[in-house]
Each structure stands twice: as C-alpha cells, then as structure tokens.
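Peer 1: Provided herewith: start31.pdb, PDB, N, CA and C atoms.
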```pdb
ATOM      1  N   MET A   1      -0.099 -19.842  -1.374  1.00  0.00           N
ATOM      2  CA  MET A   1      -1.103 -18.801  -1.281  1.00  0.00           C
ATOM      3  C   MET A   1      -2.232 -19.094  -2.257  1.00  0.00           C
ATOM      4  N   ARG A   2      -2.642 -20.301  -2.258  1.00  0.00           N
ATOM      5  CA  ARG A   2      -3.700 -20.726  -3.162  1.00  0.00           C
ATOM      6  C   ARG A   2      -4.979 -19.933  -2.936  1.00  0.00           C
ATOM      7  N   GLY A   3      -5.542 -19.423  -4.020  1.00  0.00           N
ATOM      8  CA  GLY A   3      -6.786 -18.669  -3.921  1.00  0.00           C
ATOM      9  C   GLY A   3      -6.615 -17.234  -3.442  1.00  0.00           C
ATOM     10  N   ARG A   4      -5.373 -16.788  -3.300  1.00  0.00           N
ATOM     11  CA  ARG A   4      -5.112 -15.423  -2.847  1.00  0.00           C
ATOM     12  C   ARG A   4      -4.273 -14.689  -3.878  1.00  0.00           C
ATOM     13  N   PHE A   5      -4.343 -13.402  -3.839  1.00  0.00           N
ATOM     14  CA  PHE A   5      -3.588 -12.564  -4.765  1.00  0.00           C
ATOM     15  C   PHE A   5      -2.790 -11.545  -3.973  1.00  0.00           C
ATOM     16  N   ARG A   6      -1.663 -11.161  -4.528  1.00  0.00           N
ATOM     17  CA  ARG A   6      -0.825 -10.146  -3.887  1.00  0.00           C
ATOM     18  C   ARG A   6      -0.436  -9.128  -4.955  1.00  0.00           C
ATOM     19  N   VAL A   7      -0.503  -7.875  -4.573  1.00  0.00           N
ATOM     20  CA  VAL A   7      -0.098  -6.791  -5.465  1.00  0.00           C
ATOM     21  C   VAL A   7       0.963  -5.986  -4.741  1.00  0.00           C
ATOM     22  N   ARG A   8       2.024  -5.675  -5.445  1.00  0.00           N
ATOM     23  CA  ARG A   8       3.086  -4.853  -4.865  1.00  0.00           C
ATOM     24  C   ARG A   8       3.204  -3.569  -5.672  1.00  0.00           C
ATOM     25  N   MET A   9       3.406  -2.490  -4.966  1.00  0.00           N
ATOM     26  CA  MET A   9       3.557  -1.205  -5.613  1.00  0.00           C
ATOM     27  C   MET A   9       4.783  -0.520  -5.005  1.00  0.00           C
ATOM     28  N   LEU A  10       5.661  -0.084  -5.854  1.00  0.00           N
ATOM     29  CA  LEU A  10       6.847   0.636  -5.395  1.00  0.00           C
ATOM     30  C   LEU A  10       6.650   2.107  -5.702  1.00  0.00           C
ATOM     31  N   ILE A  11       6.757   2.928  -4.685  1.00  0.00           N
ATOM     32  CA  ILE A  11       6.621   4.376  -4.859  1.00  0.00           C
ATOM     33  C   ILE A  11       7.968   4.996  -4.556  1.00  0.00           C
ATOM     34  N   ARG A  12       8.522   5.690  -5.521  1.00  0.00           N
ATOM     35  CA  ARG A  12       9.801   6.363  -5.330  1.00  0.00           C
ATOM     36  C   ARG A  12       9.557   7.856  -5.225  1.00  0.00           C
ATOM     37  N   ALA A  13      10.238   8.456  -4.260  1.00  0.00           N
ATOM     38  CA  ALA A  13      10.076   9.888  -4.040  1.00  0.00           C
ATOM     39  C   ALA A  13      11.331  10.401  -3.334  1.00  0.00           C
ATOM     40  N   PRO A  14      11.533  11.697  -3.374  1.00  0.00           N
ATOM     41  CA  PRO A  14      12.654  12.265  -2.616  1.00  0.00           C
ATOM     42  C   PRO A  14      12.500  11.935  -1.129  1.00  0.00           C
ATOM     43  N   ARG A  15      13.606  11.864  -0.442  1.00  0.00           N
ATOM     44  CA  ARG A  15      13.617  11.466   0.973  1.00  0.00           C
ATOM     45  C   ARG A  15      12.707  12.342   1.832  1.00  0.00           C
ATOM     46  N   GLN A  16      12.587  13.607   1.545  1.00  0.00           N
ATOM     47  CA  GLN A  16      11.788  14.516   2.369  1.00  0.00           C
ATOM     48  C   GLN A  16      10.303  14.564   1.974  1.00  0.00           C
ATOM     49  N   ALA A  17       9.895  13.809   0.965  1.00  0.00           N
ATOM     50  CA  ALA A  17       8.496  13.831   0.517  1.00  0.00           C
ATOM     51  C   ALA A  17       7.590  13.254   1.610  1.00  0.00           C
ATOM     52  N   PRO A  18       6.432  13.853   1.834  1.00  0.00           N
ATOM     53  CA  PRO A  18       5.507  13.372   2.879  1.00  0.00           C
ATOM     54  C   PRO A  18       4.705  12.158   2.386  1.00  0.00           C
ATOM     55  N   LEU A  19       5.373  11.038   2.187  1.00  0.00           N
ATOM     56  CA  LEU A  19       4.719   9.861   1.607  1.00  0.00           C
ATOM     57  C   LEU A  19       3.641   9.267   2.502  1.00  0.00           C
ATOM     58  N   GLN A  20       3.873   9.188   3.799  1.00  0.00           N
ATOM     59  CA  GLN A  20       2.867   8.578   4.671  1.00  0.00           C
ATOM     60  C   GLN A  20       1.547   9.343   4.594  1.00  0.00           C
ATOM     61  N   ALA A  21       1.608  10.653   4.586  1.00  0.00           N
ATOM     62  CA  ALA A  21       0.383  11.463   4.479  1.00  0.00           C
ATOM     63  C   ALA A  21      -0.275  11.254   3.120  1.00  0.00           C
ATOM     64  N   ALA A  22       0.524  11.185   2.072  1.00  0.00           N
ATOM     65  CA  ALA A  22      -0.024  10.995   0.727  1.00  0.00           C
ATOM     66  C   ALA A  22      -0.687   9.626   0.594  1.00  0.00           C
ATOM     67  N   ILE A  23      -0.072   8.589   1.151  1.00  0.00           N
ATOM     68  CA  ILE A  23      -0.651   7.245   1.071  1.00  0.00           C
ATOM     69  C   ILE A  23      -1.929   7.168   1.903  1.00  0.00           C
ATOM     70  N   THR A  24      -1.932   7.769   3.072  1.00  0.00           N
ATOM     71  CA  THR A  24      -3.130   7.787   3.916  1.00  0.00           C
ATOM     72  C   THR A  24      -4.279   8.482   3.198  1.00  0.00           C
ATOM     73  N   ASP A  25      -4.000   9.611   2.571  1.00  0.00           N
ATOM     74  CA  ASP A  25      -5.024  10.348   1.831  1.00  0.00           C
ATOM     75  C   ASP A  25      -5.519   9.536   0.638  1.00  0.00           C
ATOM     76  N   TRP A  26      -4.597   8.893  -0.075  1.00  0.00           N
ATOM     77  CA  TRP A  26      -4.945   8.079  -1.240  1.00  0.00           C
ATOM     78  C   TRP A  26      -5.858   6.917  -0.835  1.00  0.00           C
ATOM     79  N   LEU A  27      -5.523   6.237   0.267  1.00  0.00           N
ATOM     80  CA  LEU A  27      -6.354   5.119   0.730  1.00  0.00           C
ATOM     81  C   LEU A  27      -7.732   5.596   1.180  1.00  0.00           C
ATOM     82  N   ALA A  28      -7.804   6.774   1.780  1.00  0.00           N
ATOM     83  CA  ALA A  28      -9.096   7.309   2.222  1.00  0.00           C
ATOM     84  C   ALA A  28     -10.005   7.617   1.039  1.00  0.00           C
ATOM     85  N   ARG A  29      -9.421   8.012  -0.074  1.00  0.00           N
ATOM     86  CA  ARG A  29     -10.216   8.346  -1.266  1.00  0.00           C
ATOM     87  C   ARG A  29     -10.513   7.145  -2.153  1.00  0.00           C
ATOM     88  N   ALA A  30      -9.832   6.040  -1.924  1.00  0.00           N
ATOM     89  CA  ALA A  30     -10.010   4.847  -2.763  1.00  0.00           C
ATOM     90  C   ALA A  30     -11.429   4.314  -2.607  1.00  0.00           C
ATOM     91  N   PRO A  31     -11.917   3.642  -3.635  1.00  0.00           N
ATOM     92  CA  PRO A  31     -13.248   3.026  -3.507  1.00  0.00           C
ATOM     93  C   PRO A  31     -13.254   2.051  -2.326  1.00  0.00           C
ATOM     94  N   LYS A  32     -14.386   1.931  -1.693  1.00  0.00           N
ATOM     95  CA  LYS A  32     -14.496   1.016  -0.553  1.00  0.00           C
ATOM     96  C   LYS A  32     -14.333  -0.421  -1.049  1.00  0.00           C
ATOM     97  N   TYR A  33     -13.558  -1.176  -0.327  1.00  0.00           N
ATOM     98  CA  TYR A  33     -13.279  -2.549  -0.728  1.00  0.00           C
ATOM     99  C   TYR A  33     -14.126  -3.517   0.092  1.00  0.00           C
ATOM    100  N   PRO A  34     -14.275  -4.752  -0.413  1.00  0.00           N
ATOM    101  CA  PRO A  34     -15.107  -5.728   0.307  1.00  0.00           C
ATOM    102  C   PRO A  34     -14.550  -6.026   1.700  1.00  0.00           C
ATOM    103  N   PRO A  35     -15.402  -6.353   2.653  1.00  0.00           N
ATOM    104  CA  PRO A  35     -14.941  -6.593   4.024  1.00  0.00           C
ATOM    105  C   PRO A  35     -14.004  -7.798   4.147  1.00  0.00           C
ATOM    106  N   ASN A  36     -14.032  -8.730   3.174  1.00  0.00           N
ATOM    107  CA  ASN A  36     -13.154  -9.897   3.265  1.00  0.00           C
ATOM    108  C   ASN A  36     -11.772  -9.622   2.643  1.00  0.00           C
ATOM    109  N   LEU A  37     -11.537  -8.416   2.171  1.00  0.00           N
ATOM    110  CA  LEU A  37     -10.239  -8.039   1.608  1.00  0.00           C
ATOM    111  C   LEU A  37      -9.335  -7.548   2.730  1.00  0.00           C
ATOM    112  N   ARG A  38      -8.146  -8.090   2.789  1.00  0.00           N
ATOM    113  CA  ARG A  38      -7.185  -7.669   3.804  1.00  0.00           C
ATOM    114  C   ARG A  38      -6.146  -6.785   3.134  1.00  0.00           C
ATOM    115  N   LEU A  39      -5.972  -5.600   3.645  1.00  0.00           N
ATOM    116  CA  LEU A  39      -5.065  -4.625   3.072  1.00  0.00           C
ATOM    117  C   LEU A  39      -4.008  -4.271   4.099  1.00  0.00           C
ATOM    118  N   SER A  40      -2.751  -4.326   3.682  1.00  0.00           N
ATOM    119  CA  SER A  40      -1.680  -3.894   4.570  1.00  0.00           C
ATOM    120  C   SER A  40      -0.678  -3.079   3.764  1.00  0.00           C
ATOM    121  N   VAL A  41      -0.133  -2.069   4.402  1.00  0.00           N
ATOM    122  CA  VAL A  41       0.833  -1.188   3.762  1.00  0.00           C
ATOM    123  C   VAL A  41       2.123  -1.267   4.561  1.00  0.00           C
ATOM    124  N   ASP A  42       3.207  -1.628   3.885  1.00  0.00           N
ATOM    125  CA  ASP A  42       4.518  -1.709   4.531  1.00  0.00           C
ATOM    126  C   ASP A  42       5.335  -0.534   4.010  1.00  0.00           C
ATOM    127  N   ILE A  43       5.569   0.445   4.855  1.00  0.00           N
ATOM    128  CA  ILE A  43       6.240   1.673   4.452  1.00  0.00           C
ATOM    129  C   ILE A  43       7.705   1.434   4.117  1.00  0.00           C
ATOM    130  N   ASP A  44       8.361   0.554   4.841  1.00  0.00           N
ATOM    131  CA  ASP A  44       9.782   0.321   4.625  1.00  0.00           C
ATOM    132  C   ASP A  44      10.083  -1.173   4.633  1.00  0.00           C
ATOM    133  N   PRO A  45       9.723  -1.890   3.554  1.00  0.00           N
ATOM    134  CA  PRO A  45       9.926  -3.343   3.549  1.00  0.00           C
ATOM    135  C   PRO A  45      11.411  -3.714   3.542  1.00  0.00           C
ATOM    136  N   GLN A  46      11.731  -4.848   4.123  1.00  0.00           N
ATOM    137  CA  GLN A  46      13.111  -5.344   4.115  1.00  0.00           C
ATOM    138  C   GLN A  46      13.508  -5.775   2.711  1.00  0.00           C
ATOM    139  N   SER A  47      12.579  -6.380   1.995  1.00  0.00           N
ATOM    140  CA  SER A  47      12.859  -6.840   0.649  1.00  0.00           C
ATOM    141  C   SER A  47      11.620  -6.623  -0.197  1.00  0.00           C
ATOM    142  N   PHE A  48      11.802  -6.139  -1.391  1.00  0.00           N
ATOM    143  CA  PHE A  48      10.650  -5.919  -2.264  1.00  0.00           C
ATOM    144  C   PHE A  48      10.412  -7.124  -3.165  1.00  0.00           C
ATOM    145  N   PHE A  49      11.370  -8.017  -3.259  1.00  0.00           N
ATOM    146  CA  PHE A  49      11.230  -9.154  -4.177  1.00  0.00           C
ATOM    147  C   PHE A  49      11.078 -10.457  -3.472  1.00  0.00           C
TER     148      PHE A  49
END
```
Now that the file is in, can you turn its structure into structure tokens?

Peer 2:
Amino acid sequence: MRGRFRVRMLIRAPRQAPLQAAITDWLARAPKYPPNLRLSVDIDPQSFF
C-alpha cells in the first residue's frame, strides 16, 4: 500500500445502540474531504487486525 494510509477506528457500544445512524450523522457533519480520498465504513468487519 505504498503511498496510501489506512486508519481504523473501533467503536464499542451496547448492542441496541443506534450506531449506523450515529455514524451517518457524524460523517455528514465531518469536514468535506478531498475528492481523491476514498472513504469506506465497514460496520461489521470479519477481523479488526
């Protein structure tokens, strides 16, 4: 992944917490990112490491 960066964030919450809505709202409020930035959100990754 030469020349690329990856950031991982683990969010822990109770099972019934409305995380998808919270993440969607958080991304909508985030500063606008450059058009060449690729952003993906994996709600339930198979492996975090």

Peer 1: For the structure shown, which residues end up in the PyMOL selection byres (((chain A and resi 8 and name CA) around 12) and name CA)? Put them as a VMD selection string, please?

Peer 2: chain A and resid 5 to 7 9 to 11 39 to 43 45 47 to 49

Peer 1: Around all the atoms of region 17-35 of chain A listed in the file, with 5 Å of room on each side, what axis-aligned box do you get, giving centre and edge lengths in Å to one decimal, as lines of an AutoDock Vina configuration file?

Peer 2:
```
center_x = -2.8
center_y = 3.0
center_z = 0.5
size_x = 35.3
size_y = 31.7
size_z = 18.3
```

Peer 1: Could you go through chain A and tell me which residues DSSP, when run on the backbone, assigns to helix (DSSP H, G or I), listing them as a list in words?

Peer 2: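 Across chain A, those assigned helix (DSSP H, G or I) are Leu19, Gln20, Ala21, Ala22, Ile23, Thr24, Asp25, Trp26, Leu27, Ala28 and Arg29 of chain A.
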
Peer 1: Mind pulling up the distance from atom N of Asn36 (chain A) to atom C of Gly3 (chain A)?

Peer 2: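 Pair atom C of Gly3 (chain A) / atom N of Asn36 (chain A) returns 13.1 Å.
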
Peer 1: Work out how far atom C of Arg4 (chain A) is from atom C of Pro34 (chain A), in Å to one decimal.

Peer 2: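 Between atom C of Pro34 (chain A) and atom C of Arg4 (chain A) the gap is 14.6 Å.
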
Peer 1: One decimal, in Å: what's the spacing between CA of Leu37 (chain A) and CA of Arg12 (chain A)?

Peer 2: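 So the answer is 25.6 Å.
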